[in-house]
file entry-v4.cif (mmCIF, C-alpha atoms; chains and numbers go by the auth columns)
data_target
loop_
_atom_site.group_PDB
_atom_site.id
_atom_site.type_symbol
_atom_site.label_atom_id
_atom_site.label_comp_id
_atom_site.label_asym_id
_atom_site.label_seq_id
_atom_site.Cartn_x
_atom_site.Cartn_y
_atom_site.Cartn_z
_atom_site.B_iso_or_equiv
_atom_site.auth_seq_id
_atom_site.auth_asym_id
ATOM 1 C CA MET A 1 103.604 146.000 53.712 0.00 1483 A
ATOM 2 C CA THR A 2 105.954 143.763 55.634 0.00 1484 A
ATOM 3 C CA GLU A 3 106.195 146.324 58.421 0.00 1485 A
ATOM 4 C CA ASP A 4 102.393 146.509 58.730 0.00 1486 A
ATOM 5 C CA SER A 5 102.034 142.746 59.003 0.00 1487 A
ATOM 6 C CA SER A 6 104.671 142.607 61.727 0.00 1488 A
ATOM 7 C CA ASN A 7 102.930 145.425 63.613 0.00 1489 A
ATOM 8 C CA THR A 8 99.562 143.655 63.492 0.00 1490 A
ATOM 9 C CA SER A 9 101.030 140.386 64.690 0.00 1491 A
ATOM 10 C CA ALA A 10 102.754 142.200 67.548 0.00 1492 A
ATOM 11 C CA ALA A 11 99.491 143.921 68.431 0.00 1493 A
ATOM 12 C CA THR A 12 97.518 140.667 68.499 0.00 1494 A
ATOM 13 C CA ALA A 13 100.109 138.740 70.537 0.00 1495 A
ATOM 14 C CA PRO A 14 99.311 140.470 73.861 0.00 1496 A
ATOM 15 C CA ALA A 15 95.587 140.067 73.208 0.00 1497 A
ATOM 16 C CA ASN A 16 96.039 136.321 72.763 0.00 1498 A
ATOM 17 C CA ASN A 17 97.990 136.117 76.028 0.00 1499 A
ATOM 18 C CA THR A 18 95.241 137.905 77.967 0.00 1500 A
ATOM 19 C CA ASN A 19 92.591 135.595 76.500 0.00 1501 A
ATOM 20 C CA GLU A 20 94.622 132.573 77.612 0.00 1502 A
ATOM 21 C CA ALA A 21 95.040 134.081 81.081 0.00 1503 A
ATOM 22 C CA GLU A 22 91.287 134.693 81.312 0.00 1504 A
ATOM 23 C CA LYS A 23 90.593 131.088 80.299 0.00 1505 A
ATOM 24 C CA THR A 24 92.933 129.653 82.932 0.00 1506 A
ATOM 25 C CA SER A 25 91.747 131.972 85.719 0.00 1507 A
ATOM 26 C CA ALA A 26 88.066 131.363 85.061 0.00 1508 A
ATOM 27 C CA ILE A 27 86.245 130.245 88.190 0.00 1509 A
ATOM 28 C CA GLU A 28 84.657 126.865 87.859 0.00 1510 A
ATOM 29 C CA PRO A 29 81.532 125.945 89.791 0.00 1511 A
ATOM 30 C CA ILE A 30 81.911 123.776 92.893 0.00 1512 A
ATOM 31 C CA ARG A 31 80.944 120.193 92.250 0.00 1513 A
ATOM 32 C CA LEU A 32 79.292 118.417 95.134 0.00 1514 A
ATOM 33 C CA PRO A 33 80.365 114.833 95.738 0.00 1515 A
ATOM 34 C CA THR A 34 77.991 112.105 94.672 0.00 1516 A
ATOM 35 C CA ILE A 35 76.308 109.787 97.170 0.00 1517 A
ATOM 36 C CA GLU A 36 78.738 106.991 96.227 0.00 1518 A
ATOM 37 C CA GLU A 37 81.742 109.243 96.861 0.00 1519 A
ATOM 38 C CA VAL A 38 80.396 110.279 100.274 0.00 1520 A
ATOM 39 C CA ARG A 39 79.737 106.653 101.236 0.00 1521 A
ATOM 40 C CA GLY A 40 83.227 105.674 100.101 0.00 1522 A
ATOM 41 C CA GLN A 41 84.759 108.439 102.217 0.00 1523 A
ATOM 42 C CA ASP A 42 82.660 107.404 105.218 0.00 1524 A
ATOM 43 C CA ILE A 43 83.816 103.812 104.875 0.00 1525 A
ATOM 44 C CA TRP A 44 87.473 104.778 104.526 0.00 1526 A
ATOM 45 C CA ASN A 45 87.254 107.183 107.508 0.00 1527 A
ATOM 46 C CA ASN A 46 86.319 104.256 109.747 0.00 1528 A
ATOM 47 C CA CYS A 47 89.369 103.415 111.874 0.00 1529 A
ATOM 48 C CA ALA A 48 88.731 99.662 111.752 0.00 1530 A
ATOM 49 C CA VAL A 49 88.555 99.610 107.947 0.00 1531 A
ATOM 50 C CA ARG A 50 91.640 101.776 107.603 0.00 1532 A
ATOM 51 C CA SER A 51 93.590 99.650 110.089 0.00 1533 A
ATOM 52 C CA VAL A 52 92.681 96.336 108.472 0.00 1534 A
ATOM 53 C CA ALA A 53 93.555 97.701 105.022 0.00 1535 A
ATOM 54 C CA SER A 54 96.922 98.917 106.314 0.00 1536 A
ATOM 55 C CA GLY A 55 97.551 95.549 107.952 0.00 1537 A
ATOM 56 C CA ILE A 56 96.824 93.732 104.685 0.00 1538 A
ATOM 57 C CA MET A 57 99.076 96.083 102.709 0.00 1539 A
ATOM 58 C CA GLY A 58 101.817 95.756 105.326 0.00 1540 A
ATOM 59 C CA GLY A 59 101.528 91.975 105.140 0.00 1541 A
ATOM 60 C CA GLY A 60 101.893 92.107 101.365 0.00 1542 A
ATOM 61 C CA LEU A 61 104.994 94.275 101.665 0.00 1543 A
ATOM 62 C CA GLY A 62 106.456 91.941 104.284 0.00 1544 A
ATOM 63 C CA LEU A 63 105.733 88.938 102.077 0.00 1545 A
ATOM 64 C CA ALA A 64 107.583 90.511 99.156 0.00 1546 A
ATOM 65 C CA MET A 65 110.529 91.575 101.310 0.00 1547 A
ATOM 66 C CA GLY A 66 110.750 88.139 102.909 0.00 1548 A
ATOM 67 C CA LEU A 67 110.818 86.440 99.522 0.00 1549 A
ATOM 68 C CA PHE A 68 113.572 88.746 98.344 0.00 1550 A
ATOM 69 C CA LEU A 69 115.696 88.477 101.486 0.00 1551 A
ATOM 70 C CA GLY A 70 115.142 84.722 101.777 0.00 1552 A
ATOM 71 C CA ALA A 71 116.482 84.254 98.264 0.00 1553 A
ATOM 72 C CA LEU A 72 119.702 86.030 99.249 0.00 1554 A
ATOM 73 C CA ASP A 73 120.392 83.698 102.174 0.00 1555 A
ATOM 74 C CA ASN A 74 123.217 81.263 101.318 0.00 1556 A
ATOM 75 C CA PRO A 75 123.712 78.000 103.208 0.00 1557 A
ATOM 76 C CA ILE A 76 127.013 77.347 104.974 0.00 1558 A
ATOM 77 C CA GLN A 77 127.624 74.035 103.171 0.00 1559 A
ATOM 78 C CA GLN A 78 126.695 75.345 99.742 0.00 1560 A
ATOM 79 C CA ASP A 79 129.660 73.609 98.052 0.00 1561 A
ATOM 80 C CA THR A 80 128.627 70.122 99.195 0.00 1562 A
ATOM 81 C CA MET A 81 124.937 70.484 98.294 0.00 1563 A
ATOM 82 C CA THR A 82 123.425 69.266 95.031 0.00 1564 A
ATOM 83 C CA GLY A 83 121.339 71.605 92.908 0.00 1565 A
ATOM 84 C CA ARG A 84 118.102 70.058 94.163 0.00 1566 A
ATOM 85 C CA GLN A 85 119.159 70.350 97.820 0.00 1567 A
ATOM 86 C CA LEU A 86 120.163 73.960 97.276 0.00 1568 A
ATOM 87 C CA PHE A 87 116.814 74.715 95.610 0.00 1569 A
ATOM 88 C CA VAL A 88 114.837 73.084 98.444 0.00 1570 A
ATOM 89 C CA TYR A 89 116.900 74.903 101.088 0.00 1571 A
ATOM 90 C CA THR A 90 116.412 78.259 99.352 0.00 1572 A
ATOM 91 C CA ALA A 91 112.668 77.668 98.936 0.00 1573 A
ATOM 92 C CA LYS A 92 112.311 76.837 102.638 0.00 1574 A
ATOM 93 C CA GLN A 93 114.297 79.919 103.617 0.00 1575 A
ATOM 94 C CA MET A 94 112.197 82.125 101.354 0.00 1576 A
ATOM 95 C CA GLY A 95 108.967 80.677 102.755 0.00 1577 A
ATOM 96 C CA GLY A 96 109.994 81.057 106.379 0.00 1578 A
ATOM 97 C CA ARG A 97 111.332 84.557 105.975 0.00 1579 A
ATOM 98 C CA SER A 98 108.380 85.732 103.927 0.00 1580 A
ATOM 99 C CA TRP A 99 105.858 84.423 106.486 0.00 1581 A
ATOM 100 C CA ASN A 100 107.713 86.007 109.419 0.00 1582 A
ATOM 101 C CA SER A 101 108.081 89.325 107.583 0.00 1583 A
ATOM 102 C CA CYS A 102 104.445 89.169 106.510 0.00 1584 A
ATOM 103 C CA LYS A 103 103.269 88.817 110.126 0.00 1585 A
ATOM 104 C CA ALA A 104 105.596 91.524 111.437 0.00 1586 A
ATOM 105 C CA PHE A 105 104.703 94.108 108.799 0.00 1587 A
ATOM 106 C CA ALA A 106 100.982 93.318 109.042 0.00 1588 A
ATOM 107 C CA VAL A 107 100.988 93.914 112.803 0.00 1589 A
ATOM 108 C CA MET A 108 103.093 97.030 112.384 0.00 1590 A
ATOM 109 C CA GLY A 109 100.766 98.483 109.739 0.00 1591 A
ATOM 110 C CA LEU A 110 97.641 97.616 111.696 0.00 1592 A
ATOM 111 C CA VAL A 111 98.857 99.046 115.018 0.00 1593 A
ATOM 112 C CA PHE A 112 100.305 102.214 113.473 0.00 1594 A
ATOM 113 C CA SER A 113 97.241 102.949 111.386 0.00 1595 A
ATOM 114 C CA ALA A 114 94.841 102.251 114.256 0.00 1596 A
ATOM 115 C CA ALA A 115 96.816 104.437 116.666 0.00 1597 A
ATOM 116 C CA GLU A 116 97.117 107.299 114.182 0.00 1598 A
ATOM 117 C CA CYS A 117 93.412 107.150 113.317 0.00 1599 A
ATOM 118 C CA VAL A 118 92.266 107.071 116.950 0.00 1600 A
ATOM 119 C CA VAL A 119 94.600 109.919 117.935 0.00 1601 A
ATOM 120 C CA GLU A 120 93.536 111.966 114.917 0.00 1602 A
ATOM 121 C CA LYS A 121 89.839 111.520 115.740 0.00 1603 A
ATOM 122 C CA ALA A 122 90.431 112.296 119.449 0.00 1604 A
ATOM 123 C CA ARG A 123 92.469 115.435 118.757 0.00 1605 A
ATOM 124 C CA ALA A 124 90.367 116.493 115.734 0.00 1606 A
ATOM 125 C CA LYS A 125 93.590 117.591 114.028 0.00 1607 A
ATOM 126 C CA HIS A 126 95.629 116.214 111.157 0.00 1608 A
ATOM 127 C CA ASP A 127 99.249 117.049 111.964 0.00 1609 A
ATOM 128 C CA ILE A 128 102.630 115.496 112.620 0.00 1610 A
ATOM 129 C CA THR A 129 101.933 115.054 116.346 0.00 1611 A
ATOM 130 C CA ASN A 130 99.501 112.263 115.476 0.00 1612 A
ATOM 131 C CA THR A 131 102.260 110.519 113.537 0.00 1613 A
ATOM 132 C CA ALA A 132 104.713 110.832 116.430 0.00 1614 A
ATOM 133 C CA ILE A 133 102.209 109.437 118.935 0.00 1615 A
ATOM 134 C CA ALA A 134 101.240 106.578 116.602 0.00 1616 A
ATOM 135 C CA GLY A 135 104.935 105.794 116.032 0.00 1617 A
ATOM 136 C CA CYS A 136 105.551 105.743 119.769 0.00 1618 A
ATOM 137 C CA VAL A 137 102.607 103.413 120.384 0.00 1619 A
ATOM 138 C CA THR A 138 103.660 101.103 117.558 0.00 1620 A
ATOM 139 C CA GLY A 139 107.332 100.954 118.517 0.00 1621 A
ATOM 140 C CA GLY A 140 106.517 100.431 122.169 0.00 1622 A
ATOM 141 C CA ALA A 141 103.965 97.710 121.478 0.00 1623 A
ATOM 142 C CA ILE A 142 106.198 95.784 119.104 0.00 1624 A
ATOM 143 C CA SER A 143 109.330 95.874 121.249 0.00 1625 A
ATOM 144 C CA ALA A 144 107.684 95.450 124.676 0.00 1626 A
ATOM 145 C CA LYS A 145 107.341 91.672 124.304 0.00 1627 A
ATOM 146 C CA THR A 146 111.023 91.009 123.744 0.00 1628 A
ATOM 147 C CA GLY A 147 112.689 93.968 125.458 0.00 1629 A
ATOM 148 C CA GLY A 148 110.474 94.656 128.463 0.00 1630 A
ATOM 149 C CA PRO A 149 109.874 98.209 129.669 0.00 1631 A
ATOM 150 C CA LYS A 150 113.315 99.432 128.647 0.00 1632 A
ATOM 151 C CA GLY A 151 112.901 97.968 125.163 0.00 1633 A
ATOM 152 C CA ALA A 152 109.432 99.506 124.918 0.00 1634 A
ATOM 153 C CA CYS A 153 110.842 102.939 125.728 0.00 1635 A
ATOM 154 C CA PHE A 154 113.600 102.628 123.135 0.00 1636 A
ATOM 155 C CA GLY A 155 111.146 101.224 120.598 0.00 1637 A
ATOM 156 C CA CYS A 156 108.748 104.079 121.270 0.00 1638 A
ATOM 157 C CA ALA A 157 111.424 106.734 120.813 0.00 1639 A
ATOM 158 C CA GLY A 158 112.982 105.091 117.778 0.00 1640 A
ATOM 159 C CA PHE A 159 109.778 104.396 115.883 0.00 1641 A
ATOM 160 C CA ALA A 160 108.362 107.839 116.713 0.00 1642 A
ATOM 161 C CA ALA A 161 111.506 109.515 115.397 0.00 1643 A
ATOM 162 C CA PHE A 162 111.483 107.326 112.294 0.00 1644 A
ATOM 163 C CA SER A 163 107.805 108.110 111.678 0.00 1645 A
ATOM 164 C CA VAL A 164 108.368 111.858 111.997 0.00 1646 A
ATOM 165 C CA VAL A 165 111.345 111.742 109.610 0.00 1647 A
ATOM 166 C CA ILE A 166 109.288 109.817 107.046 0.00 1648 A
ATOM 167 C CA GLU A 167 106.406 112.284 107.395 0.00 1649 A
ATOM 168 C CA LYS A 168 108.757 115.230 106.913 0.00 1650 A
ATOM 169 C CA PHE A 169 110.265 113.497 103.879 0.00 1651 A
ATOM 170 C CA LEU A 170 106.848 112.792 102.347 0.00 1652 A
ATOM 171 C CA ASP A 171 105.613 116.261 103.432 0.00 1653 A
ATOM 172 C CA ARG A 172 102.030 115.115 104.038 0.00 1654 A
ATOM 173 C CA HIS A 173 101.250 117.740 106.660 0.00 1655 A
ATOM 174 C CA GLU A 174 101.449 121.440 106.020 0.00 1656 A
#
call {"tool": "encode", "arguments": {"input": "entry-v4.cif", "output": "structure tokens"}}
result
Amino acid sequence: MTEDSSNTSAATAPANNTNEAEKTSAIEPIRLPTIEEVRGQDIWNNCAVRSVASGIMGGGLGLAMGLFLGALDNPIQQDTMTGRQLFVYTAKQMGGRSWNSCKAFAVMGLVFSAAECVVEKARAKHDITNTAIAGCVTGGAISAKTGGPKGACFGCAGFAAFSVVIEKFLDRHE
């Protein structure tokens, strides 16, 4: 009787596995997006909206980084300063650094996102070339003011290479 029960359980085990396989491989009907989802996608596909959102997020990241890095800055005459003077100095450093980082990262996010969106719409492709071109435009635009044409070229090459490496690391494009 023990042998029969083991044979029946062995016989039903493959049947259970095939039922599970049929359940997981069942084709589900295609669900069309709702009107709200389509409108949301249309809004987000607008280059101006995407660029402004990236600029705001970049500004927030720059603000946080500036606060962190400003807190790490130690004054030269730290030993002669009172606790209150040290606190005021650190607060000023954090504020200045966070505002400068906020502006820099906001501009960087806005320019990169706008360039990538415009290039993607013009080429009608979503690939790593768009990222390289957007990185070149961003790096060149940011460094042209301080470095002139030579700085713009180096900024273009450096930011494009950095953008491509990040894209390969994140593996967004197939």
call {"tool": "closest_residue", "arguments": {"input": "entry-v4.cif", "among": "A:Ser1595, A:Gln1567, A:Gln1523, A:Ser1507", "to": "A:Gly1537", "atoms": "only C-alpha atoms"}}
result
A:Ser1595
call {"tool": "atom_distance", "arguments": {"input": "entry-v4.cif", "atom1": "atom CA of A:Cys1618", "atom2": "atom CA of A:Val1601"}}
result
11.9 Å
call {"tool": "resolve_selection", "arguments": {"input": "entry-v4.cif", "expression": "the PyMOL selection byres ((chain A and resi 1633-1643) around 7)", "output": "short mmCIF file (atom, residue, chain, number, x, y, z; two decimals) with C-alpha atoms, in the coordinates of the input"}}
result
data_model
loop_
_atom_site.label_atom_id
_atom_site.label_comp_id
_atom_site.auth_asym_id
_atom_site.auth_seq_id
_atom_site.Cartn_x
_atom_site.Cartn_y
_atom_site.Cartn_z
CA ALA A 1614 104.71 110.83 116.43
CA ILE A 1615 102.21 109.44 118.94
CA GLY A 1617 104.94 105.79 116.03
CA CYS A 1618 105.55 105.74 119.77
CA VAL A 1619 102.61 103.41 120.38
CA THR A 1620 103.66 101.10 117.56
CA GLY A 1621 107.33 100.95 118.52
CA GLY A 1622 106.52 100.43 122.17
CA ALA A 1623 103.96 97.71 121.48
CA SER A 1625 109.33 95.87 121.25
CA ALA A 1626 107.68 95.45 124.68
CA GLY A 1629 112.69 93.97 125.46
CA GLY A 1630 110.47 94.66 128.46
CA PRO A 1631 109.87 98.21 129.67
CA LYS A 1632 113.32 99.43 128.65
CA PHE A 1644 111.48 107.33 112.29
CA SER A 1645 107.80 108.11 111.68
CA VAL A 1646 108.37 111.86 112.00
CA VAL A 1647 111.34 111.74 109.61
#
call {"tool": "closest_residue", "arguments": {"input": "entry-v4.cif", "among": "A:Trp1526, A:Phe1594, A:Phe1651, A:Phe1569", "to": "A:Gly1552", "atoms": "only C-alpha atoms"}}
result
A:Phe1569
call {"tool": "closest_residue", "arguments": {"input": "entry-v4.cif", "among": "A:Lys1650, A:Lys1627, A:Arg1579, A:Lys1585", "to": "A:Thr1611", "atoms": "all atoms listed in the file"}}
result
A:Lys1650
call {"tool": "resolve_selection", "arguments": {"input": "entry-v4.cif", "expression": "the PyMOL selection byres ((chain A and resi 1587) around 8)", "output": "PyMOL selection string"}}
result
chain A and resi 1537+1540-1541+1543-1544+1583-1586+1588-1591
call {"tool": "write_last_selection", "arguments": {"input": "entry-v4.cif", "atoms": "C-alpha atoms", "output": "mmCIF file, in the frame of the given file"}}
result
data_model
loop_
_atom_site.group_PDB
_atom_site.id
_atom_site.type_symbol
_atom_site.label_atom_id
_atom_site.label_comp_id
_atom_site.auth_asym_id
_atom_site.auth_seq_id
_atom_site.Cartn_x
_atom_site.Cartn_y
_atom_site.Cartn_z
ATOM 1 C CA GLY A 1537 97.551 95.549 107.952
ATOM 2 C CA GLY A 1540 101.817 95.756 105.326
ATOM 3 C CA GLY A 1541 101.528 91.975 105.140
ATOM 4 C CA LEU A 1543 104.994 94.275 101.665
ATOM 5 C CA GLY A 1544 106.456 91.941 104.284
ATOM 6 C CA SER A 1583 108.081 89.325 107.583
ATOM 7 C CA CYS A 1584 104.445 89.169 106.510
ATOM 8 C CA LYS A 1585 103.269 88.817 110.126
ATOM 9 C CA ALA A 1586 105.596 91.524 111.437
ATOM 10 C CA ALA A 1588 100.982 93.318 109.042
ATOM 11 C CA VAL A 1589 100.988 93.914 112.803
ATOM 12 C CA MET A 1590 103.093 97.030 112.384
ATOM 13 C CA GLY A 1591 100.766 98.483 109.739
#
call {"tool": "atom_distance", "arguments": {"input": "entry-v4.cif", "atom1": "atom CA of A:Arg1532", "atom2": "atom CA of A:Glu1602"}}
result
12.7 Å
call {"tool": "resolve_selection", "arguments": {"input": "entry-v4.cif", "expression": "the PyMOL selection byres ((chain A and resi 1529) around 7)", "output": "PyMOL selection string"}}
result
chain A and resi 1527-1528+1530-1533+1596+1599-1600
call {"tool": "write_last_selection", "arguments": {"input": "entry-v4.cif", "atoms": "C-alpha atoms", "output": "CSV table (one decimal), in the coordinates of the input"}}
result
chain,number,residue,atom,x,y,z
A,1527,ASN,CA,87.3,107.2,107.5
A,1528,ASN,CA,86.3,104.3,109.7
A,1530,ALA,CA,88.7,99.7,111.8
A,1531,VAL,CA,88.6,99.6,107.9
A,1532,ARG,CA,91.6,101.8,107.6
A,1533,SER,CA,93.6,99.6,110.1
A,1596,ALA,CA,94.8,102.3,114.3
A,1599,CYS,CA,93.4,107.2,113.3
A,1600,VAL,CA,92.3,107.1,117.0
call {"tool": "atom_distance", "arguments": {"input": "entry-v4.cif", "atom1": "atom CA of A:Phe1550", "atom2": "atom CA of A:Gly1565"}}
result
19.6 Å
call {"tool": "closest_residue", "arguments": {"input": "entry-v4.cif", "among": "A:Val1534, A:Ala1597, A:Ala1616, A:Leu1549", "to": "A:Gly1577", "atoms": "all atoms listed in the file"}}
result
A:Leu1549
call {"tool": "decode", "arguments": {"input": "entry-v4.cif", "residues": "stretch 1621-1632 of chain A", "atoms": "all heavy atoms", "output": "compact mmCIF listing (two decimals), in the first residue's frame"}}
result
# COMPACT_ATOMS: atom_id res chain seq x y z
N GLY A 1621 28.65 69.49 -22.17
CA GLY A 1621 30.03 69.77 -21.75
C GLY A 1621 30.60 70.98 -22.45
O GLY A 1621 31.28 71.81 -21.84
N GLY A 1622 30.31 71.12 -23.74
CA GLY A 1622 30.81 72.27 -24.48
C GLY A 1622 30.17 73.57 -24.01
O GLY A 1622 30.85 74.59 -23.86
N ALA A 1623 28.87 73.53 -23.75
CA ALA A 1623 28.17 74.75 -23.32
C ALA A 1623 28.61 75.19 -21.92
O ALA A 1623 28.77 76.39 -21.67
CB ALA A 1623 26.67 74.50 -23.33
N ILE A 1624 28.82 74.24 -21.04
CA ILE A 1624 29.19 74.60 -19.67
C ILE A 1624 30.63 75.13 -19.60
O ILE A 1624 30.91 76.10 -18.90
CB ILE A 1624 29.00 73.39 -18.73
CG1 ILE A 1624 27.50 73.13 -18.55
CG2 ILE A 1624 29.66 73.61 -17.39
CD1 ILE A 1624 27.20 71.87 -17.78
N SER A 1625 31.53 74.53 -20.35
CA SER A 1625 32.94 74.92 -20.23
C SER A 1625 33.35 76.01 -21.22
O SER A 1625 34.46 76.52 -21.12
CB SER A 1625 33.83 73.69 -20.40
OG SER A 1625 33.61 73.11 -21.67
N ALA A 1626 32.49 76.40 -22.14
CA ALA A 1626 32.87 77.41 -23.13
C ALA A 1626 33.06 78.78 -22.49
O ALA A 1626 33.92 79.55 -22.93
CB ALA A 1626 31.81 77.50 -24.23
N LYS A 1627 32.29 79.09 -21.47
CA LYS A 1627 32.36 80.42 -20.84
C LYS A 1627 33.72 80.65 -20.17
O LYS A 1627 34.31 81.71 -20.29
CB LYS A 1627 31.24 80.57 -19.83
CG LYS A 1627 31.17 81.94 -19.21
CD LYS A 1627 29.98 82.04 -18.27
CE LYS A 1627 29.92 83.42 -17.65
NZ LYS A 1627 28.81 83.55 -16.72
N THR A 1628 34.22 79.65 -19.50
CA THR A 1628 35.47 79.83 -18.76
C THR A 1628 36.70 79.41 -19.56
O THR A 1628 37.78 79.94 -19.35
CB THR A 1628 35.45 79.04 -17.44
OG1 THR A 1628 35.22 77.66 -17.73
CG2 THR A 1628 34.38 79.56 -16.52
N GLY A 1629 36.55 78.43 -20.45
CA GLY A 1629 37.73 77.89 -21.13
C GLY A 1629 37.87 78.30 -22.57
O GLY A 1629 38.86 77.94 -23.21
N GLY A 1630 36.90 79.00 -23.14
CA GLY A 1630 36.98 79.38 -24.54
C GLY A 1630 36.76 78.18 -25.45
O GLY A 1630 36.26 77.14 -25.03
N PRO A 1631 37.18 78.31 -26.70
CA PRO A 1631 36.97 77.21 -27.66
C PRO A 1631 37.70 75.92 -27.28
O PRO A 1631 37.18 74.83 -27.45
CB PRO A 1631 37.52 77.76 -28.98
CG PRO A 1631 37.57 79.23 -28.82
CD PRO A 1631 37.72 79.50 -27.35
N LYS A 1632 38.91 76.08 -26.77
CA LYS A 1632 39.68 74.89 -26.38
C LYS A 1632 39.00 74.19 -25.20
O LYS A 1632 38.87 72.96 -25.18
CB LYS A 1632 41.10 75.29 -26.00
CG LYS A 1632 42.03 74.14 -25.76
CD LYS A 1632 43.45 74.63 -25.50
CE LYS A 1632 44.38 73.49 -25.26
NZ LYS A 1632 45.75 73.96 -25.01
